[in-house]
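S.K.: Shown below is the structure under consideration.
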Amino acid sequence: MSLVRIRCNVLPEMSAFLWRGLFHVVQSAKSEASCGPVAVDSPQSGSRSEPALAGVSRRFSVVHFIAAPGGGGAEAMMRNLVRAMDPGRWRNVVIVMDGRPWPREMEELRAMGAEVHDLEATAFLRAGTLVKLVRLLREVRPDVLQTWMHHADFVGGWCARLAGVRRVVWGIHCREIHASPGESAARIRWFRRLLGASSRVLPSRVISCSAAAIRDHAAMGYSEGRMTWVPNGIDTSVFKPDAAARVRVRQELRVPESAPLVGFVGRFHEMKDLSTWLRAAAVLQSRRPETHFLLCGGHEPGLGDCARAALSVMPFRQQVHFAPFRADPQAVYPALDVFSLSSRTEACPMTLMEALACGVPCVTTDVGDCARLLGDSGRVVPVHDAEALARAWEELLDHRPDAAVLRRDAVGRFDIRAAARGYENVYREVLSA
C-alpha cells in the first residue's frame, strides 16, 4: 500500500462492518430513499440500464476509489490514467480515503479536470467511513466504479452494492496481500478468503496490471474469466533522457560525472529486499571502488536490520547516497548509469518503465512481469542472489546499451495512452453487458 497508514484489521473489525457499519449504512440509505431520488446535475444522469453502444455520445462517469492519491505505483498509475482518458468520453471522479498527507497529488488530480473527494478517514472498516462512501456513491451515481488495490476492492465493492452501483471493476496491483501495521498472518488469511469469495459476486470485471498476478489471484478464488490483463503505463513525454537533469542531480549528490552510479527508486519495503541490493553494492564496490549508489525513496533509518547490516560493511560507505521521495522522479533516472530492482516479489513495476523511457538500462530479479517488461533491454537475475546482481550491474557498466534504442522501445510498449485504451475498453464492455 501507499505510505499513508490505512488500518484494516480484518477479523476484529469485520463484525463492526457487518453489524454496526452495515446497519448504519442501510438505515441511512432507507432514510434518503424515503425523501425521493437524489437530484444530481451531472452528465451521467439518466437511465442506469442505458448501454454504452457505439452510437451513444454522452459522457460516462468513472469513480476511482483508492486509499491515497500518492505513495506508490498503483497511485501513480491511477493519476496517469485520469490524465490520459478521453475527456470527451469519460468524466473522472476520484474518492480517496485520506488525501491530507498528499496535497500536491490532490491538486494535480484537480488540475487534470477530475472531481476529487476526500473521506479524511484513517480506517476502511468504520461505520462513519462506510456511511460517507455509500452516500457519496449515491450522490455521484457513477456509471462505473473502479477500485484500486485489495482493501479498496473489498470495501468499495460492498459499498457500491449498497449504493445501487452495479458496474464495479476491481484493480489488482500486487501479487500478494500486504499486511497493515499490527495485522497478523491469521487476519491476512481470513481477508484473503473474504476477497476470493467476494470477487465472484461483486466486480463485473477485474483488471490486473500483471499476468503473473492473474495466476496468483486465480489460486485465491478469483474467477479467471472475469480477469483482464492491462499492463501499467507511463507518460513517456515526462520520462525521457535529460542531460541537464543528470548534471544537476549528480551535483546535488556530489557524485563525479565520470563515476558509475547505480540506483534504486521506490519504497523501503521489505518486499524490495534492499539487503540483497546493498550486499550486491558491496560486491561491486570491492571490484570497482569508484562506483556510487543511490537509494531514492527514504533515509537510512528506514532500512530493515539486514539492510543496515549490509550497509555497515560497504568498502566506501560515503559513496552510498540516500534521498527521500521526489516530486520529480523523472530527474533522478537520467543521473543513473544503471537502474536496479532486487525485489522478492513484484507485479508490473512502473519504475522499470520509467528508467527505460529515460534511456537507462535496468537489472531486475526474475519476479512478476519484470522479465517480460525488460525483454532484451537489461538483465534478469535470480531472487536473493547478490553476486548475480553485482555481476549484471558490472556487465551493463562495461557494455551499456544505446539510450536511444532503450527509449524507442519503451515509448512503443509503455506509453500511458495504450494502457488508457485498455481500461476504456473494459469499461465499454462492462457498460454494454
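By convention here, the chains of the C-alpha cells are called A, B, ... in the order presented, each chain's residues are numbered starting at 1, and ligands are numbered starting at 1 in the order presented.
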Find the residues around range 378-385 of chain A up to 10 Å (only C-alpha atoms counted), leave out those fewer than 6 positions away in its own chain, and share them as a ChimeraX atom specification.
M.R.: /A:273-277,279-280,338-345,356,360-367,370-372,391-393,395-396,400-401,406
S.K.: With DSSP run on the backbone, what are the alpha helix (DSSP H) residues within range 157-264 of chain A? I'd like them as a ChimeraX atom specification.
M.R.: /A:157-163,185-198,211-219,243-253
S.K.: I need the chosen residues saved as a short mmCIF file (atom, residue, chain, number, x, y, z; two decimals), in the first residue's frame, with N, CA and C atoms.
M.R.:
data_model
loop_
_atom_site.label_atom_id
_atom_site.label_comp_id
_atom_site.auth_asym_id
_atom_site.auth_seq_id
_atom_site.Cartn_x
_atom_site.Cartn_y
_atom_site.Cartn_z
N GLY A 157 -16.39 -2.40 -3.18
CA GLY A 157 -17.34 -3.28 -3.83
C GLY A 157 -18.61 -3.46 -3.03
N TRP A 158 -18.48 -3.67 -1.71
CA TRP A 158 -19.68 -3.86 -0.89
C TRP A 158 -20.46 -2.55 -0.73
N CYS A 159 -19.76 -1.43 -0.60
CA CYS A 159 -20.47 -0.15 -0.50
C CYS A 159 -21.17 0.19 -1.81
N ALA A 160 -20.58 -0.17 -2.93
CA ALA A 160 -21.24 0.05 -4.22
C ALA A 160 -22.53 -0.75 -4.29
N ARG A 161 -22.51 -1.98 -3.77
CA ARG A 161 -23.72 -2.80 -3.78
C ARG A 161 -24.83 -2.11 -3.00
N LEU A 162 -24.49 -1.57 -1.82
CA LEU A 162 -25.48 -0.87 -1.00
C LEU A 162 -25.94 0.43 -1.65
N ALA A 163 -25.07 1.08 -2.41
CA ALA A 163 -25.41 2.35 -3.05
C ALA A 163 -26.16 2.16 -4.37
N ALA A 185 -0.77 -12.85 10.59
CA ALA A 185 -0.89 -13.74 9.43
C ALA A 185 -2.28 -14.36 9.37
N ALA A 186 -2.88 -14.63 10.53
CA ALA A 186 -4.23 -15.21 10.55
C ALA A 186 -5.25 -14.25 9.96
N ARG A 187 -5.13 -12.96 10.30
CA ARG A 187 -6.05 -11.97 9.74
C ARG A 187 -5.91 -11.86 8.23
N ILE A 188 -4.69 -11.92 7.75
CA ILE A 188 -4.48 -11.84 6.31
C ILE A 188 -5.07 -13.07 5.62
N ARG A 189 -4.94 -14.23 6.24
CA ARG A 189 -5.52 -15.45 5.65
C ARG A 189 -7.04 -15.32 5.54
N TRP A 190 -7.69 -14.79 6.59
CA TRP A 190 -9.12 -14.61 6.54
C TRP A 190 -9.51 -13.57 5.50
N PHE A 191 -8.75 -12.50 5.43
CA PHE A 191 -9.05 -11.47 4.44
C PHE A 191 -8.91 -12.02 3.03
N ARG A 192 -7.90 -12.86 2.81
CA ARG A 192 -7.72 -13.49 1.51
C ARG A 192 -8.94 -14.32 1.13
N ARG A 193 -9.48 -15.05 2.11
CA ARG A 193 -10.68 -15.85 1.83
C ARG A 193 -11.89 -14.98 1.52
N LEU A 194 -12.05 -13.91 2.29
CA LEU A 194 -13.16 -12.98 2.05
C LEU A 194 -13.05 -12.35 0.66
N LEU A 195 -11.83 -11.98 0.29
CA LEU A 195 -11.63 -11.39 -1.03
C LEU A 195 -11.98 -12.39 -2.13
N GLY A 196 -11.47 -13.61 -1.98
CA GLY A 196 -11.74 -14.61 -3.00
C GLY A 196 -13.22 -14.85 -3.19
N ALA A 197 -13.97 -14.96 -2.07
CA ALA A 197 -15.41 -15.17 -2.18
C ALA A 197 -16.12 -13.95 -2.76
N SER A 198 -15.72 -12.75 -2.31
CA SER A 198 -16.36 -11.53 -2.80
C SER A 198 -16.07 -11.27 -4.27
N ALA A 211 0.33 -10.17 -15.55
CA ALA A 211 -0.10 -11.52 -15.95
C ALA A 211 0.18 -12.52 -14.84
N ALA A 212 1.32 -12.35 -14.15
CA ALA A 212 1.65 -13.25 -13.04
C ALA A 212 0.63 -13.12 -11.91
N ALA A 213 0.16 -11.90 -11.65
CA ALA A 213 -0.80 -11.69 -10.58
C ALA A 213 -2.14 -12.34 -10.88
N ILE A 214 -2.49 -12.47 -12.15
CA ILE A 214 -3.73 -13.17 -12.50
C ILE A 214 -3.67 -14.61 -12.05
N ARG A 215 -2.56 -15.26 -12.27
CA ARG A 215 -2.41 -16.65 -11.83
C ARG A 215 -2.47 -16.75 -10.30
N ASP A 216 -1.82 -15.81 -9.62
CA ASP A 216 -1.84 -15.83 -8.16
C ASP A 216 -3.25 -15.67 -7.61
N HIS A 217 -4.03 -14.76 -8.22
CA HIS A 217 -5.37 -14.49 -7.71
C HIS A 217 -6.37 -15.57 -8.10
N ALA A 218 -6.13 -16.24 -9.20
CA ALA A 218 -6.97 -17.39 -9.53
C ALA A 218 -6.84 -18.46 -8.44
N ALA A 219 -5.62 -18.60 -7.91
CA ALA A 219 -5.40 -19.55 -6.82
C ALA A 219 -6.09 -19.11 -5.54
N ALA A 243 19.97 15.51 -20.17
CA ALA A 243 21.38 15.74 -19.82
C ALA A 243 21.53 16.77 -18.71
N ALA A 244 20.69 17.80 -18.74
CA ALA A 244 20.77 18.83 -17.71
C ALA A 244 20.40 18.27 -16.34
N ALA A 245 19.37 17.43 -16.29
CA ALA A 245 18.97 16.82 -15.02
C ALA A 245 20.06 15.90 -14.50
N ARG A 246 20.72 15.20 -15.40
CA ARG A 246 21.82 14.32 -14.99
C ARG A 246 22.91 15.10 -14.26
N VAL A 247 23.30 16.24 -14.84
CA VAL A 247 24.35 17.05 -14.22
C VAL A 247 23.87 17.62 -12.89
N ARG A 248 22.64 18.11 -12.87
CA ARG A 248 22.12 18.76 -11.66
C ARG A 248 22.01 17.79 -10.49
N VAL A 249 21.44 16.61 -10.72
CA VAL A 249 21.27 15.64 -9.63
C VAL A 249 22.62 15.13 -9.14
N ARG A 250 23.55 14.88 -10.04
CA ARG A 250 24.88 14.42 -9.62
C ARG A 250 25.60 15.49 -8.80
N GLN A 251 25.40 16.74 -9.15
CA GLN A 251 25.99 17.80 -8.35
C GLN A 251 25.37 17.86 -6.96
N GLU A 252 24.05 17.66 -6.88
CA GLU A 252 23.38 17.64 -5.59
C GLU A 252 23.92 16.52 -4.70
N LEU A 253 24.19 15.39 -5.32
CA LEU A 253 24.68 14.23 -4.57
C LEU A 253 26.19 14.25 -4.37
#
S.K.: From the list A:Thr228, A:Ala335, A:Leu130, A:Thr236, which residue is nearest Arg254 in chain A when using only C-alpha atoms?
M.R.: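 Using only C-alpha atoms, the shortest distance to Arg254 in chain A belongs to A:Ala335.
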S.K.: When DSSP is applied to the backbone of this structure, which of range 147-380 of chain A are assigned strand (DSSP E)? Write them out as a PyMOL selection string.
M.R.: chain A and resi 147+168-172+205-208+227-229+261-265+292-296+320-323+338-340+362-365+378-380
S.K.: Excluding Cys296 in chain A and its own-chain neighbours fewer than 6 positions away, which residues fall within 6 Å of it when counting only C-alpha atoms? Please give them as a list in words.
M.R.: Val265, Phe322, Ala323 and Pro324 of chain A
S.K.: I'd like to know which of A:Arg59, A:Arg288, A:His299, A:Arg421 is closest to Gly233 in chain A, using only C-alpha atoms.
M.R.: A:Arg421
S.K.: Just want the 12 Å neighbourhood of Ser312 in chain A, counted on only C-alpha atoms, with same-chain residues fewer than 5 positions away dropped. Output as an MDAnalysis selection string.
M.R.: chainID A and resid 275 278:279 281:282 300 303 305:307 317:318 320
S.K.: Give me the range 313-423 of chain A side of the contact with range 203-209 of chain A, cut-off 9 Å, one line per residue showing its nearest atom pair and distance in Å at one decimal, counting only C-alpha atoms, sorted by chain and residue number, as a tab-separated table.
M.R.:
residue	atom	partner	partner_atom	distance
A:Ala347	CA	A:Cys209	CA	7.0
A:Cys348	CA	A:Cys209	CA	6.0
A:Tyr423	CA	A:Ile207	CA	7.9
S.K.: Would you mind telling me which residue in A:Ala418, A:Met97, A:Val140, A:Ala331 lies nearest to Phe239 in chain A when using only C-alpha atoms?
M.R.: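 Ranked by minimum distance to Phe239 in chain A, first place goes to A:Ala331.
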S.K.: I want to know what sits within 10 Å of Thr291 in chain A, based on only C-alpha atoms, with residues of the same chain fewer than 3 positions away left out; could you give that as a list in words?
M.R.: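 That gives Val255, Pro256, Ser258, Ala259, Pro260, Leu261, Val262, Ala281, Ala282, Leu284, Gln285, Ser286, Arg287, Arg288, Phe316, Gln319 and Val320 of chain A.
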S.K.: Can those selected residues be exported to a file as a short mmCIF file (atom, residue, chain, number, x, y, z; two decimals), in the first residue's frame so that it contains N, CA and C atoms?
M.R.:
data_model
loop_
_atom_site.label_atom_id
_atom_site.label_comp_id
_atom_site.auth_asym_id
_atom_site.auth_seq_id
_atom_site.Cartn_x
_atom_site.Cartn_y
_atom_site.Cartn_z
N VAL A 255 28.34 13.50 -6.75
CA VAL A 255 28.84 12.33 -7.48
C VAL A 255 29.55 12.84 -8.74
N PRO A 256 30.82 12.51 -8.94
CA PRO A 256 31.53 12.97 -10.14
C PRO A 256 30.84 12.49 -11.42
N SER A 258 32.07 11.37 -14.06
CA SER A 258 32.67 10.17 -14.62
C SER A 258 32.45 8.92 -13.78
N ALA A 259 31.90 9.07 -12.57
CA ALA A 259 31.74 7.92 -11.67
C ALA A 259 30.51 7.10 -12.05
N PRO A 260 30.62 5.78 -12.07
CA PRO A 260 29.43 4.95 -12.29
C PRO A 260 28.44 5.15 -11.14
N LEU A 261 27.15 5.25 -11.48
CA LEU A 261 26.11 5.43 -10.47
C LEU A 261 24.99 4.42 -10.71
N VAL A 262 24.81 3.53 -9.74
CA VAL A 262 23.74 2.52 -9.79
C VAL A 262 22.65 2.97 -8.82
N ALA A 281 25.89 -4.19 -3.82
CA ALA A 281 26.66 -2.95 -3.92
C ALA A 281 28.04 -3.12 -3.31
N ALA A 282 28.11 -3.82 -2.17
CA ALA A 282 29.41 -4.06 -1.54
C ALA A 282 30.31 -4.90 -2.43
N LEU A 284 30.20 -5.07 -5.75
CA LEU A 284 30.65 -4.27 -6.89
C LEU A 284 31.69 -3.24 -6.47
N GLN A 285 31.51 -2.65 -5.29
CA GLN A 285 32.48 -1.66 -4.83
C GLN A 285 33.85 -2.28 -4.58
N SER A 286 33.86 -3.53 -4.17
CA SER A 286 35.15 -4.18 -3.95
C SER A 286 35.90 -4.38 -5.27
N ARG A 287 35.16 -4.45 -6.36
CA ARG A 287 35.76 -4.62 -7.68
C ARG A 287 35.97 -3.28 -8.37
N ARG A 288 35.05 -2.35 -8.14
CA ARG A 288 35.10 -1.02 -8.77
C ARG A 288 34.94 0.02 -7.67
N PHE A 316 33.20 1.56 0.84
CA PHE A 316 33.23 3.03 0.80
C PHE A 316 31.83 3.53 1.11
N GLN A 319 30.01 6.62 -0.34
CA GLN A 319 29.57 6.63 -1.74
C GLN A 319 28.19 5.98 -1.91
N VAL A 320 27.49 5.77 -0.80
CA VAL A 320 26.09 5.31 -0.83
C VAL A 320 25.22 6.49 -0.42
#
S.K.: Using only C-alpha atoms for the distances, tell me which of A:Asp143, A:Glu354, A:Glu107, A:Asp86 is nearest to Ser237 in chain A.
M.R.: A:Glu354
S.K.: Just how far from CA of Gly73 in chain A is CA of Arg200 in chain A, in Å to one decimal?
M.R.: 25.9 Å
S.K.: Looking at A:Leu202, A:Leu119, A:Leu133, A:Ala114, which one is nearest to Tyr222 in chain A, with distances taken over only C-alpha atoms?
M.R.: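 Of all the options, A:Leu202 lies closest to Tyr222 in chain A.
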